[in-house]
Amino acid sequence: MKPTRGAIPGGPSFGNHLAGIASELAVCRSVRDAALIFDRLSGNARGPVPDPSPADVDTGRLRIGLLTDTGPAYPTEDRRLAAVADAARVLAKDGHAIVPLAWADFEWSVAASSRAFADIVSVNLAALIEAAALEESKAEPLTQAFAMRGRALSAARLWHTLNDAVLVSHAVWGLLDTVDCILMPMLASAPLAIGSFPTDHADTDLHLERMTAFAPLACLANVSGFPALTLPFGQDEHAMPLPVQLMMPMGHEPRLLSLAARLEAEGRWQHRFPVAGLPS
């Protein structure tokens, strides 16, 4: 789960965390563990944004926005879209209303989020190298290229990028005025083989495009600041998980975790090794 922006303290050495697009929590093997860790760690973050006001867990009928299309530029495999549709059917049986959403509702925000990620990461890397007095020549070619990209970025361009990131949040708020939750794909394909994202070149645009093609909606969750959670809901012929992703309004982690627990209870995915304290 990626918490609401500002929900988790930045640690003993508070930092900018990539202009707010990065969040800290933990990768968990169960919704139970994610809920417990979030409960223990969230709150009293002390800026730069207010602590979210946790929403009550509403077990009543929700409007679930369903996205099963990631556009022609970043198509998602049919079996992964089928897992999202299966999750929607389970929630519909519980009485929730399923509201179809179109890729056109997301296309601008996804593109703007990708640009924001690229510029913010590049500038932060350039600043890190300078602040830590690192020997950039010893870094991989792609790392050097991103640092060069960051140094070449003008203040005006960065301001435009950060302003677009605010507009992304506004656009997602608009979607969440019409639905209570968005159910959508996580990865466009199966996990890629080691070496699929090589770093022995200087083509930053190519690397970013490969990342977006693999996880078209990941940057949207990071840049918008909304809480999002991904969990396995089925498996492919290689026993690899088929993930789905849920996104809710800011501060709605309790409801998000409750809905995720409902999907987890379907038992569409079992870990190879049991999770402590949970049925195997």
# chains A, B, ... in the order shown; residues from 1 in each chain; ligands from 1

call {"tool": "select_by_dssp", "arguments": {"residues": "range 55-261 of chain A", "states": "alpha helix (DSSP H)", "output": "PyMOL selection string"}}
result
chain A and resi 78-93+107-131+141-152+155-175+204-214+218-224+253-261

call {"tool": "closest_atom_pairs", "arguments": {"of": "range 21-80 of chain A", "to": "range 162-184 of chain A", "cutoff": "7 Å", "atoms": "only C-alpha atoms", "output": "Markdown table"}}
result
| residue | atom | partner | partner_atom | distance |
| --- | --- | --- | --- | --- |
| A:Leu62 | CA | A:Asp180 | CA | 6.0 |
| A:Arg63 | CA | A:Val179 | CA | 4.9 |
| A:Ile64 | CA | A:Cys181 | CA | 5.0 |
| A:Gly65 | CA | A:Ile182 | CA | 4.5 |
| A:Leu66 | CA | A:Leu183 | CA | 5.0 |
| A:Leu67 | CA | A:Met184 | CA | 4.9 |
| A:Thr68 | CA | A:Met184 | CA | 6.3 |

call {"tool": "atom_distance", "arguments": {"atom1": "CA of Ala190 in chain A", "atom2": "CA of Met240 in chain A"}}
result
7.7 Å

call {"tool": "select_by_dssp", "arguments": {"residues": "range 111-250 of chain A", "states": "strand (DSSP E or B)", "output": "PyMOL selection string"}}
result
chain A and resi 181-185+228-235+241-247

call {"tool": "write_last_selection", "arguments": {"atoms": "C-alpha atoms", "output": "tab-separated table (two decimals), in the first residue's frame"}}
result
chain	number	residue	atom	x	y	z
A	181	CYS	CA	-12.95	3.74	-5.23
A	182	ILE	CA	-11.12	3.02	-8.47
A	183	LEU	CA	-10.34	-0.60	-9.37
A	184	MET	CA	-7.72	-0.90	-12.09
A	185	PRO	CA	-4.76	-2.93	-13.41
A	228	ALA	CA	-3.40	3.02	-3.47
A	229	LEU	CA	-3.00	-0.66	-2.77
A	230	THR	CA	-2.12	-3.56	-5.02
A	231	LEU	CA	-2.68	-7.21	-4.18
A	232	PRO	CA	-2.68	-10.50	-6.09
A	233	PHE	CA	-6.07	-11.73	-7.32
A	234	GLY	CA	-5.37	-14.93	-9.20
A	235	GLN	CA	-2.32	-16.44	-10.84
A	241	PRO	CA	0.35	-13.48	-9.22
A	242	LEU	CA	-2.14	-11.46	-11.26
A	243	PRO	CA	-2.33	-8.13	-9.43
A	244	VAL	CA	-5.16	-5.62	-9.16
A	245	GLN	CA	-4.93	-2.09	-7.82
A	246	LEU	CA	-7.35	-0.06	-5.69
A	247	MET	CA	-7.24	3.72	-5.25

call {"tool": "closest_residue", "arguments": {"among": "A:Leu278, A:Ala111, A:Ala193, A:Val90", "to": "Pro216 in chain A", "atoms": "only C-alpha atoms"}}
result
A:Ala111

call {"tool": "atom_distance", "arguments": {"atom1": "CA of Ala112 in chain A", "atom2": "CA of Ser53 in chain A"}}
result
27.3 Å

call {"tool": "decode", "arguments": {"residues": "range 131-145 of chain A", "atoms": "C-alpha atoms", "output": "mmCIF file, in the first residue's frame"}}
result
data_model
loop_
_atom_site.group_PDB
_atom_site.id
_atom_site.type_symbol
_atom_site.label_atom_id
_atom_site.label_comp_id
_atom_site.auth_asym_id
_atom_site.auth_seq_id
_atom_site.Cartn_x
_atom_site.Cartn_y
_atom_site.Cartn_z
ATOM 1 C CA ALA A 131 25.365 17.259 -1.936
ATOM 2 C CA ALA A 132 27.162 13.983 -1.252
ATOM 3 C CA ALA A 133 30.139 14.855 -3.460
ATOM 4 C CA LEU A 134 29.807 11.525 -5.254
ATOM 5 C CA GLU A 135 32.097 10.551 -8.116
ATOM 6 C CA GLU A 136 29.542 10.598 -10.905
ATOM 7 C CA SER A 137 31.947 9.022 -13.389
ATOM 8 C CA LYS A 138 31.783 5.774 -11.418
ATOM 9 C CA ALA A 139 28.005 5.525 -11.798
ATOM 10 C CA GLU A 140 26.235 3.529 -14.490
ATOM 11 C CA PRO A 141 25.714 5.346 -17.815
ATOM 12 C CA LEU A 142 21.971 5.685 -17.240
ATOM 13 C CA THR A 143 22.483 7.178 -13.774
ATOM 14 C CA GLN A 144 24.893 9.715 -15.239
ATOM 15 C CA ALA A 145 22.389 10.525 -17.983
#
